[in-house]
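As provided, input_0.txt (compact mmCIF, C-alpha atoms) reads as follows.
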```
# COMPACT_ATOMS: atom_id res chain seq x y z
CA MET A 14 131.44 -9.49 295.47
CA THR A 15 131.78 -6.46 293.25
CA VAL A 16 132.72 -6.75 289.65
CA ALA A 17 134.92 -4.07 288.17
CA GLN A 18 132.95 -2.16 285.57
CA PRO A 19 134.76 -1.26 282.41
CA ARG A 20 135.23 2.49 282.56
CA GLU A 21 133.89 4.36 279.61
CA GLU A 22 136.81 5.64 277.65
CA PRO A 23 137.18 9.41 277.70
CA LEU A 24 136.21 11.31 274.59
CA THR A 25 138.90 12.44 272.19
CA VAL A 26 137.85 15.10 269.70
CA ILE A 27 139.81 15.39 266.47
CA LEU A 28 139.41 18.85 264.99
CA ALA A 29 139.95 18.89 261.22
CA HIS A 30 140.54 22.04 259.22
CA GLY A 31 137.17 22.48 257.53
CA ASP A 32 134.46 24.76 258.91
CA PHE A 33 134.82 25.34 262.65
CA PRO A 34 131.59 24.31 264.43
CA GLN A 35 129.19 27.23 264.89
CA ARG A 36 126.29 25.58 266.68
CA PRO A 37 126.56 25.54 270.49
CA ALA A 38 125.26 21.95 270.52
CA VAL A 39 128.29 20.95 268.45
CA GLN A 40 130.78 23.21 270.22
CA GLN A 41 129.86 21.52 273.51
CA TYR A 42 131.84 18.45 272.42
CA LEU A 43 134.96 20.62 272.48
CA TYR A 44 134.27 21.41 276.14
CA ALA A 45 133.28 17.83 276.99
CA ALA A 46 136.35 16.17 275.45
CA LYS A 47 139.22 14.93 277.60
CA ARG A 48 141.56 16.02 274.84
CA ILE A 49 141.40 17.79 271.49
CA ILE A 50 143.77 16.74 268.73
CA CYS A 51 144.04 19.32 265.98
CA CYS A 52 144.81 18.59 262.36
CA ASP A 53 147.50 21.09 261.45
CA GLY A 54 146.06 24.56 260.82
CA ALA A 55 142.86 23.79 262.76
CA ALA A 56 144.89 24.64 265.87
CA ALA A 57 144.60 28.31 264.97
CA ASP A 58 140.79 28.07 264.95
CA LEU A 59 140.74 26.29 268.31
CA LEU A 60 142.99 28.84 269.98
CA GLN A 61 140.85 31.63 268.60
CA PHE A 62 137.84 29.88 270.12
CA GLY A 63 139.64 29.94 273.48
CA LEU A 64 140.66 26.31 273.91
CA GLN A 65 144.01 24.56 273.75
CA PRO A 66 144.88 21.53 271.64
CA GLU A 67 146.55 18.67 273.45
CA LEU A 68 148.44 17.90 270.27
CA VAL A 69 148.66 19.13 266.68
CA VAL A 70 149.14 16.34 264.15
CA GLY A 71 149.96 16.54 260.45
CA ASP A 72 152.62 17.68 258.07
CA LEU A 73 152.31 21.06 259.84
CA ASP A 74 152.76 22.97 256.63
CA SER A 75 149.70 25.14 257.23
CA LEU A 76 150.57 26.10 260.80
CA PRO A 77 151.80 29.71 261.01
CA ALA A 78 155.36 30.01 262.37
CA ALA A 79 154.26 31.95 265.45
CA LEU A 80 151.82 29.18 266.30
CA SER A 81 154.41 26.44 265.79
CA GLU A 82 156.56 28.22 268.34
CA LYS A 83 153.72 28.75 270.79
CA LEU A 84 152.69 25.08 270.54
CA SER A 85 156.18 23.59 270.41
CA GLY A 86 156.18 20.45 272.53
CA ARG A 87 152.65 19.65 271.31
CA LEU A 88 153.50 19.10 267.65
CA VAL A 89 153.45 15.67 266.02
CA ARG A 90 154.93 16.10 262.57
CA ILE A 91 154.07 13.27 260.14
CA SER A 92 155.35 14.20 256.72
CA GLU A 93 154.36 11.28 254.47
CA GLN A 94 152.28 12.35 251.49
CA GLN A 95 150.13 9.23 251.13
CA SER A 96 147.42 10.36 253.55
CA ASN A 97 145.89 13.61 254.66
CA ASP A 98 146.14 15.24 258.07
CA LEU A 99 142.86 13.75 259.34
CA SER A 100 144.03 10.25 258.46
CA LYS A 101 147.33 10.91 260.27
CA ALA A 102 145.49 12.16 263.34
CA LEU A 103 143.18 9.13 263.37
CA ARG A 104 146.09 6.71 263.15
CA TYR A 105 147.96 8.59 265.87
CA CYS A 106 144.98 8.45 268.23
CA LEU A 107 144.41 4.74 267.64
CA ALA A 108 148.11 4.06 268.28
CA GLN A 109 147.68 5.72 271.70
CA GLY A 110 144.75 3.42 272.44
CA TRP A 111 142.19 6.22 272.18
CA THR A 112 139.17 4.76 270.39
CA ASN A 113 136.30 6.97 271.61
CA LEU A 114 136.81 9.43 268.77
CA LEU A 115 134.66 12.21 267.42
CA ILE A 116 135.66 14.31 264.41
CA LEU A 117 134.62 17.95 264.14
CA GLY A 118 135.54 20.40 261.38
CA ALA A 119 135.61 17.63 258.76
CA THR A 120 133.33 19.33 256.26
CA GLY A 121 132.94 22.77 254.73
CA LYS A 122 135.46 24.67 252.66
CA ARG A 123 136.99 22.55 249.84
CA GLU A 124 134.51 19.90 248.81
CA ASP A 125 137.18 17.35 247.82
CA HIS A 126 138.49 17.49 251.38
CA THR A 127 134.94 16.99 252.64
CA LEU A 128 134.46 13.88 250.50
CA GLY A 129 137.82 12.44 251.48
CA ASN A 130 137.26 13.09 255.17
CA ILE A 131 133.81 11.49 255.14
CA SER A 132 135.09 8.35 253.45
CA LEU A 133 137.85 7.95 256.06
CA LEU A 134 135.08 6.82 258.40
CA ALA A 135 134.85 3.66 256.32
CA ASP A 136 138.55 2.93 256.83
CA PHE A 137 138.54 3.41 260.57
CA CYS A 138 135.11 2.18 261.67
CA ARG A 139 136.32 -1.30 262.60
CA GLN A 140 139.05 -0.02 264.87
CA ALA A 141 136.87 2.74 266.34
CA PRO A 142 133.25 1.59 266.26
CA GLU A 143 132.00 4.81 267.88
CA LEU A 144 133.72 7.00 265.31
CA LYS A 145 131.55 9.83 263.98
CA ILE A 146 131.79 13.10 262.14
CA ILE A 147 129.52 15.79 263.55
CA SER A 148 128.93 19.05 261.69
CA ASP A 149 126.52 21.92 262.16
CA TYR A 150 124.09 20.04 259.89
CA GLY A 151 124.19 16.46 261.13
CA LEU A 152 126.36 13.44 261.70
CA PHE A 153 128.05 10.85 259.53
CA LEU A 154 128.99 7.34 260.57
CA ALA A 155 130.07 4.19 258.73
CA VAL A 156 128.63 0.73 259.30
CA GLN A 157 130.23 -2.58 258.32
CA GLU A 158 127.42 -4.91 259.32
CA PRO A 159 123.67 -5.05 259.82
CA CYS A 160 122.87 -2.45 262.41
CA THR A 161 120.19 -0.68 264.39
CA ILE A 162 120.74 3.05 264.57
CA PRO A 163 119.20 5.22 267.28
CA CYS A 164 117.49 8.34 265.96
CA GLN A 165 114.51 10.61 266.47
CA THR A 166 111.13 10.11 264.87
CA GLY A 167 111.03 12.20 261.72
CA GLN A 168 114.78 12.65 261.59
CA GLN A 169 116.10 12.84 258.03
CA VAL A 170 118.43 10.02 257.03
CA SER A 171 120.62 9.56 253.96
CA ILE A 172 122.51 6.40 252.99
CA PHE A 173 125.57 6.20 250.74
CA SER A 174 127.14 2.99 249.49
CA LEU A 175 130.83 2.76 248.61
CA HIS A 176 130.14 -0.21 246.34
CA PRO A 177 127.29 -0.32 243.81
CA ASP A 178 126.83 -4.08 244.18
CA THR A 179 125.86 -3.85 247.82
CA ALA A 180 122.15 -4.67 248.21
CA ILE A 181 120.59 -2.74 251.07
CA THR A 182 117.38 -3.43 252.97
CA SER A 183 115.91 -1.15 255.61
CA THR A 184 113.21 -1.22 258.24
CA GLY A 185 111.94 1.80 260.12
CA LEU A 186 112.43 4.28 257.29
CA ARG A 187 109.62 6.12 255.55
CA TYR A 188 110.81 5.05 252.09
CA PRO A 189 111.90 1.42 252.60
CA LEU A 190 114.91 0.03 250.74
CA GLN A 191 114.43 -3.51 249.43
CA GLU A 192 117.72 -5.01 248.30
CA MET A 193 118.47 -1.66 246.78
CA ARG A 194 121.79 -1.15 244.97
CA LEU A 195 123.04 2.40 244.94
CA THR A 196 124.94 3.53 241.85
CA ARG A 197 124.58 7.24 242.61
CA TRP A 198 125.02 9.18 245.82
CA TRP A 199 121.59 10.82 245.59
CA GLN A 200 119.59 7.60 245.38
CA ALA A 201 119.02 6.95 249.09
CA THR A 202 119.09 10.49 250.38
CA LEU A 203 116.32 12.40 252.12
CA ASN A 204 114.74 9.39 253.78
CA GLU A 205 113.12 9.76 257.20
CA ALA A 206 113.04 7.73 260.40
CA CYS A 207 109.61 6.43 261.41
CA GLY A 208 110.57 5.84 265.04
CA ASN A 209 113.46 6.12 267.45
CA THR A 210 115.55 3.49 265.66
CA PHE A 211 115.95 2.20 262.13
CA THR A 212 117.62 -0.96 260.90
CA LEU A 213 119.81 -1.66 257.89
CA SER A 214 120.98 -4.97 256.54
CA PHE A 215 123.04 -5.51 253.44
CA SER A 216 124.71 -8.16 251.38
CA GLY A 217 127.85 -7.48 249.43
CA PRO A 218 130.78 -5.27 250.28
CA GLY A 219 130.40 -2.59 252.92
CA PRO A 220 130.71 -0.29 254.52
CA LEU A 221 127.78 2.05 254.18
CA LEU A 222 128.01 5.70 255.09
CA LEU A 223 125.02 7.11 256.96
CA PHE A 224 124.04 10.72 257.44
CA LEU A 225 121.52 11.75 260.09
CA ALA A 226 120.47 15.37 259.79
CA SER A 227 120.29 17.42 262.97
CA PRO A 228 116.64 17.79 263.89
CA GLU A 229 117.31 21.52 264.34
CA THR A 230 118.48 22.18 260.77
CA PRO A 231 116.29 22.55 257.71
CA MET B 3 130.59 30.89 200.36
CA THR B 4 130.02 31.43 204.01
CA VAL B 5 129.14 28.61 206.27
CA ALA B 6 126.75 29.33 209.09
CA GLN B 7 128.59 29.00 212.35
CA PRO B 8 126.72 27.31 215.15
CA ARG B 9 125.98 30.04 217.64
CA GLU B 10 127.23 29.34 221.12
CA GLU B 11 124.25 28.61 223.27
CA PRO B 12 123.59 31.21 225.95
CA LEU B 13 124.52 30.29 229.52
CA THR B 14 121.82 29.11 231.90
CA VAL B 15 122.76 29.19 235.59
CA ILE B 16 120.89 26.90 237.94
CA LEU B 17 121.09 28.20 241.49
CA ALA B 18 120.67 25.45 244.07
CA HIS B 19 119.90 26.09 247.70
CA GLY B 20 123.30 25.41 249.30
CA ASP B 21 125.77 28.19 250.12
CA PHE B 22 125.23 31.26 247.97
CA PRO B 23 128.47 32.11 246.09
CA GLN B 24 130.63 34.61 247.98
CA ARG B 25 133.59 35.02 245.64
CA PRO B 26 133.17 37.75 243.01
CA ALA B 27 134.76 35.43 240.42
CA VAL B 28 131.88 32.99 241.00
CA GLN B 29 129.16 35.63 241.35
CA GLN B 30 130.10 36.95 237.90
CA TYR B 31 128.39 33.92 236.35
CA LEU B 32 125.12 35.20 237.78
CA TYR B 33 125.62 38.45 235.88
CA ALA B 34 126.85 36.71 232.74
CA ALA B 35 123.96 34.23 232.47
CA LYS B 36 121.14 34.71 230.00
CA ARG B 37 118.80 33.29 232.62
CA ILE B 38 118.94 32.06 236.21
CA ILE B 39 116.75 29.16 237.25
CA CYS B 40 116.40 28.89 241.02
CA CYS B 41 115.80 25.69 242.95
CA ASP B 42 112.98 26.52 245.29
CA GLY B 43 114.18 28.54 248.30
CA ALA B 44 117.36 29.66 246.51
CA ALA B 45 115.16 32.34 244.94
CA ALA B 46 115.21 34.23 248.23
CA ASP B 47 119.01 34.34 248.19
CA LEU B 48 119.08 35.57 244.60
CA LEU B 49 116.58 38.35 245.24
CA GLN B 50 118.55 39.42 248.29
CA PHE B 51 121.64 39.56 246.07
CA GLY B 52 119.71 41.90 243.78
CA LEU B 53 118.97 39.67 240.78
CA GLN B 54 115.75 38.12 239.50
CA PRO B 55 115.18 34.45 238.72
CA GLU B 56 113.69 33.68 235.34
CA LEU B 57 111.96 30.69 236.90
CA VAL B 58 111.77 28.91 240.24
CA VAL B 59 111.59 25.13 239.93
CA GLY B 60 110.91 22.51 242.59
CA ASP B 61 108.27 21.32 244.97
CA LEU B 62 108.25 24.94 246.24
CA ASP B 63 107.78 23.86 249.83
CA SER B 64 110.65 26.02 251.05
CA LEU B 65 109.58 29.20 249.31
CA PRO B 66 108.06 31.74 251.74
CA ALA B 67 104.45 32.65 250.91
CA ALA B 68 105.29 36.29 250.27
CA LEU B 69 107.89 35.23 247.75
CA SER B 70 105.53 32.79 246.02
CA GLU B 71 103.17 35.69 245.51
CA LYS B 72 105.88 38.05 244.32
CA LEU B 73 107.18 35.46 241.85
CA SER B 74 103.84 34.06 240.73
CA GLY B 75 104.01 33.48 237.01
CA ARG B 76 107.61 32.33 237.34
CA LEU B 77 106.94 29.22 239.42
CA VAL B 78 107.30 25.69 238.06
CA ARG B 79 105.91 23.35 240.68
CA ILE B 80 107.06 19.73 240.30
CA SER B 81 105.86 17.76 243.28
CA GLU B 82 107.12 14.21 242.72
CA GLN B 83 109.23 12.94 245.62
CA GLN B 84 111.63 10.73 243.65
CA SER B 85 114.13 13.47 242.89
CA ASN B 86 115.39 16.61 244.54
CA ASP B 87 114.90 20.18 243.38
CA LEU B 88 118.23 20.36 241.54
CA SER B 89 117.35 17.25 239.55
CA LYS B 90 113.97 18.75 238.70
CA ALA B 91 115.59 21.99 237.56
CA LEU B 92 118.12 20.12 235.41
CA ARG B 93 115.41 18.08 233.70
CA TYR B 94 113.30 21.19 233.16
CA CYS B 95 116.21 23.05 231.53
CA LEU B 96 117.07 20.13 229.25
CA ALA B 97 113.42 19.85 228.22
CA GLN B 98 113.60 23.50 227.08
CA GLY B 99 116.68 22.70 224.99
CA TRP B 100 119.02 24.62 227.29
CA THR B 101 122.21 22.55 227.54
CA ASN B 102 124.86 25.16 228.39
CA LEU B 103 124.24 24.73 232.10
CA LEU B 104 126.22 25.81 235.14
CA ILE B 105 125.17 24.98 238.68
CA LEU B 106 125.94 27.34 241.55
CA GLY B 107 124.95 26.93 245.22
CA ALA B 108 125.16 23.12 244.98
CA THR B 109 127.40 22.65 248.01
CA GLY B 110 127.57 23.88 251.57
CA LYS B 111 124.98 23.48 254.29
CA ARG B 112 123.71 19.88 254.61
CA GLU B 113 126.43 17.51 253.48
CA ASP B 114 124.00 14.85 252.21
CA HIS B 115 122.55 17.44 249.83
CA THR B 116 126.09 18.30 248.72
CA LEU B 117 126.87 14.65 247.94
CA GLY B 118 123.60 14.13 246.13
CA ASN B 119 123.99 17.30 244.08
CA ILE B 120 127.56 16.45 243.04
CA SER B 121 126.57 12.99 241.89
CA LEU B 122 123.77 14.40 239.72
CA LEU B 123 126.53 15.55 237.37
CA ALA B 124 127.06 11.88 236.52
CA ASP B 125 123.41 11.48 235.52
CA PHE B 126 123.26 14.52 233.29
CA CYS B 127 126.74 14.76 231.75
CA ARG B 128 125.75 12.95 228.53
CA GLN B 129 122.86 15.29 227.86
CA ALA B 130 124.77 18.39 228.90
CA PRO B 131 128.48 17.82 228.25
CA GLU B 132 129.43 21.30 229.50
CA LEU B 133 127.64 20.79 232.82
CA LYS B 134 129.64 21.92 235.85
CA ILE B 135 129.21 22.80 239.47
CA ILE B 136 131.21 25.82 240.56
CA SER B 137 131.62 26.73 244.22
CA ASP B 138 133.80 29.21 246.07
CA TYR B 139 136.43 26.47 246.34
CA GLY B 140 136.56 24.93 242.88
CA LEU B 141 134.61 23.12 240.23
CA PHE B 142 133.18 19.64 239.75
CA LEU B 143 132.47 17.95 236.46
CA ALA B 144 131.70 14.37 235.40
CA VAL B 145 133.37 12.55 232.53
CA GLN B 146 132.07 9.45 230.74
CA GLU B 147 135.00 8.81 228.46
CA PRO B 148 138.73 9.34 228.13
CA CYS B 149 139.27 13.08 228.27
CA THR B 150 141.75 15.92 228.29
CA ILE B 151 140.93 18.56 230.86
CA PRO B 152 142.19 22.13 230.63
CA CYS B 153 143.70 23.42 233.87
CA GLN B 154 146.48 25.57 235.27
CA THR B 155 149.95 24.30 236.10
CA GLY B 156 150.00 23.43 239.78
CA GLN B 157 146.21 23.37 240.09
CA GLN B 158 145.01 20.80 242.62
CA VAL B 159 142.93 17.99 241.18
CA SER B 160 140.88 15.26 242.88
CA ILE B 161 139.26 12.28 241.18
CA PHE B 162 136.32 10.27 242.47
CA SER B 163 135.02 7.06 240.96
CA LEU B 164 131.41 5.97 241.26
CA HIS B 165 132.38 2.35 240.68
CA PRO B 166 135.32 0.65 242.43
CA ASP B 167 136.05 -1.63 239.46
CA THR B 168 136.88 1.26 237.15
CA ALA B 169 140.63 1.26 236.40
CA ILE B 170 141.95 4.78 235.90
CA THR B 171 145.13 5.94 234.21
CA SER B 172 146.35 9.52 234.10
CA THR B 173 148.96 11.60 232.33
CA GLY B 174 149.92 15.11 233.29
CA LEU B 175 149.32 14.72 237.02
CA ARG B 176 152.05 14.91 239.65
CA TYR B 177 151.04 11.58 241.19
CA PRO B 178 150.24 9.40 238.17
CA LEU B 179 147.40 6.87 238.33
CA GLN B 180 148.19 3.54 236.68
CA GLU B 181 145.08 1.43 236.23
CA MET B 182 144.12 2.56 239.71
CA ARG B 183 140.83 1.34 241.21
CA LEU B 184 139.30 3.66 243.78
CA THR B 185 137.43 2.03 246.65
CA ARG B 186 137.49 5.14 248.83
CA TRP B 187 136.78 8.76 248.04
CA TRP B 188 140.09 9.97 249.51
CA GLN B 189 142.33 7.79 247.36
CA ALA B 190 142.83 10.07 244.36
CA THR B 191 142.44 13.42 246.07
CA LEU B 192 145.00 16.19 246.34
CA ASN B 193 146.76 15.47 243.07
CA GLU B 194 148.23 18.32 241.05
CA ALA B 195 148.37 19.29 237.37
CA CYS B 196 151.86 19.40 235.85
CA GLY B 197 150.82 21.55 232.89
CA ASN B 198 147.84 23.28 231.35
CA THR B 199 146.01 20.03 230.59
CA PHE B 200 145.83 16.56 232.06
CA THR B 201 144.43 13.38 230.57
CA LEU B 202 142.41 10.56 232.04
CA SER B 203 141.55 7.22 230.52
CA PHE B 204 139.64 4.44 232.21
CA SER B 205 138.23 1.02 231.61
CA GLY B 206 135.11 -0.18 233.37
CA PRO B 207 131.99 1.71 234.27
CA GLY B 208 132.07 5.48 234.46
CA PRO B 209 131.54 8.22 234.99
CA LEU B 210 134.31 9.77 237.03
CA LEU B 211 133.77 12.91 239.05
CA LEU B 212 136.58 15.46 238.90
CA PHE B 213 137.27 18.35 241.23
CA LEU B 214 139.60 21.17 240.24
CA ALA B 215 140.40 23.48 243.11
CA SER B 216 140.32 27.21 242.45
CA PRO B 217 143.90 28.41 242.22
CA GLU B 218 142.93 31.21 244.61
CA THR B 219 141.82 28.97 247.49
CA PRO B 220 144.10 27.18 249.96
```
Mind converting the file's structure to C-alpha cells?
Amino acid sequence: MTVAQPREEPLTVILAHGDFPQRPAVQQYLYAAKRIICCDGAAADLLQFGLQPELVVGDLDSLPAALSEKLSGRLVRISEQQSNDLSKALRYCLAQGWTNLLILGATGKREDHTLGNISLLADFCRQAPELKIISDYGLFLAVQEPCTIPCQTGQQVSIFSLHPDTAITSTGLRYPLQEMRLTRWWQATLNEACGNTFTLSFSGPGPLLLFLASPETP
Amino acid sequence: MTVAQPREEPLTVILAHGDFPQRPAVQQYLYAAKRIICCDGAAADLLQFGLQPELVVGDLDSLPAALSEKLSGRLVRISEQQSNDLSKALRYCLAQGWTNLLILGATGKREDHTLGNISLLADFCRQAPELKIISDYGLFLAVQEPCTIPCQTGQQVSIFSLHPDTAITSTGLRYPLQEMRLTRWWQATLNEACGNTFTLSFSGPGPLLLFLASPETP
C-alpha cells in the first residue's frame, strides 16, 4: 500500500517596495518561486530585473500609468487605507490558500516602512508558519511559541520582543537569556549561535521577532 | 543691564556605521558640525568622503590596521561587550558635556543594527533632549512626555511605542489617535501632519519613537 505524501506547497514570493535584493543568494528565490506577487510599485523593479509578476497587489497609486497598462489583467486593486500594501498582499495570498510565503524587498529605504513590514510577521505567523523576510543582510521570522531554530555555528542572532513583560530564556546562544524581559530593541541583539540550532522559550505575550544575520555579511 | 545669553552648544555629529548619508541635505550636517565622532569602522567612510573624525569610539575591531595607525591619537577604545559602538559613542559624548548630538549613519545595512540604534534614542533622550537620528529618508526622535513637534503640512509621520500599554492621543494628525495602544509597529505608521506642528500626549510608560519622513522622499 502506498500512502499519498502531502506535496510541499510551491513557494510564493511577495516582493515589497523596499530595497530590491542585490545578493545572488537572495535573488535566487525570485527564480525558484512558483509565483511572484508584487506590492504596487515593486513591479517596476521586478520587470527591470527581467522577471514578470503574477499579480500586483495594493492601492496601485505608485504604479506608473504605462506599467498599469502593460500589467492590466494582473492588477489587484485594494484601496482601503487601514493597512499597507504588504499587508494587503499577505492577506490576498492567504485567501488563495498560498501559505509557503517569503517576503523580499521588505527593508531598506524609509525606515518606518521597514519597521512596519517587519512587525507584520507577528500578525501573520500563525496563518503562515514558514513566513520569513529575507534581505541582503539576513532573515527575520516571528515565533509564537517555544521553538528550536536551525542556524549555523557562529551565526549572529538578534531577538526583539513586542511586549516588555515577556520573559525569554534561551539555550544554544553565546550570551544566554534567563527569563530576560526586553524593554529596548537593542537589549538582545548581537548574540551568536553556539551550534546548528538554538532554542527559545518564553512566558507572557508573544510573538518574538528573530533576526539571523547572513553568515556572508559583516 | 545685559543678561548673558546661554550660548547654543555646538553641534556634535556621531557617525554610525550604517549607510553613509547620500543626500546633500543630510551631508551638510557633517560640514556644519563642530566635531564628528565616528563609531569604529565609520571612520573609513568619513575619510573617503573627505572629512576627518575628531575621535573614533568603539571596540575598534572593524577599523583596518592602516586606519588605526593613521588615526592613532584619536582612538577611544571601549571594549566592553554589553553595548554597541553607537551606545559607547553616545556615553562618551555625554561624559564630555556634549549634548547637542545628531546621529547619522544609524540605519541601513543590517536591520538588527538599525533597530537597536533607533531604540537607543529612548535611552538617551532625557540626557540629550535634542538627540535625533537623521537618514536619507527622514528623522527619528524619542519623546518622554507630552510634546508639540514642529513639522511641515502634509509631512508623513509614524509613531512607535516601546510599551503596548501606553495610551496615545494626538492632535494635528490626519488620522487622530484617541488613547490608542500600539501592540504592533505598523499600527501608527503613515500618518500625516495637518499643519506645521502636531501634538502627542500619552499615559503609561514612554518613551515613544517618532519618525518624520523627509518631504523630499516618496
Notebook entry, point to check: What would the list of residues within 12 Å of (153.0, 21.3, 260.4) (file frame) look like as a ChimeraX atom specification, if only C-alpha atoms are what count?
Noted result: /A:51-57,68-82,84-85,87-93,97-98,101
Residues of chain A within 8 Å of chain B, counting all atoms listed in the file - could you list those as a CSV table (one decimal) with C-alpha atoms, in the coordinates of the input?
```csv
chain,number,residue,atom,x,y,z
A,120,THR,CA,133.3,19.3,256.3
A,121,GLY,CA,132.9,22.8,254.7
A,122,LYS,CA,135.5,24.7,252.7
A,123,ARG,CA,137.0,22.6,249.8
A,124,GLU,CA,134.5,19.9,248.8
A,125,ASP,CA,137.2,17.4,247.8
A,126,HIS,CA,138.5,17.5,251.4
A,128,LEU,CA,134.5,13.9,250.5
A,129,GLY,CA,137.8,12.4,251.5
A,130,ASN,CA,137.3,13.1,255.2
A,132,SER,CA,135.1,8.4,253.4
A,133,LEU,CA,137.8,8.0,256.1
A,150,TYR,CA,124.1,20.0,259.9
A,151,GLY,CA,124.2,16.5,261.1
A,171,SER,CA,120.6,9.6,254.0
A,175,LEU,CA,130.8,2.8,248.6
A,176,HIS,CA,130.1,-0.2,246.3
A,177,PRO,CA,127.3,-0.3,243.8
A,196,THR,CA,124.9,3.5,241.8
A,197,ARG,CA,124.6,7.2,242.6
A,198,TRP,CA,125.0,9.2,245.8
A,199,TRP,CA,121.6,10.8,245.6
A,200,GLN,CA,119.6,7.6,245.4
A,202,THR,CA,119.1,10.5,250.4
A,224,PHE,CA,124.0,10.7,257.4
A,226,ALA,CA,120.5,15.4,259.8
```
One decimal place gives the atom CA of A:Ala46-atom CA of A:Leu99 separation as 17.5 Å
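Across the model, the gap from atom CA of B:Val15 to atom CA of B:Arg37 is 6.4 Å.
Interatomic distance, atom CA of B:Gly197 to atom CA of B:Leu13: 27.9 Å.
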*Residue nearest B:Thr101 among B:Gln50, B:Thr201, B:Gln129, B:Thr168 (counting all atoms listed in the file)*: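 Answer, going by the shortest atom-to-atom distance: B:Gln129.
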Discussion item. Report as a list in words all protein, DNA and RNA residues lying within 9 Å of B:Leu123, evaluated on only C-alpha atoms, omitting residues in the same chain fewer than 6 positions from it.
Written reply: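 Near B:Leu123, the qualifying residues are Leu133, Lys134, Ile135, Phe142, Leu143, Ala144, Val145 and Leu211 of chain B.
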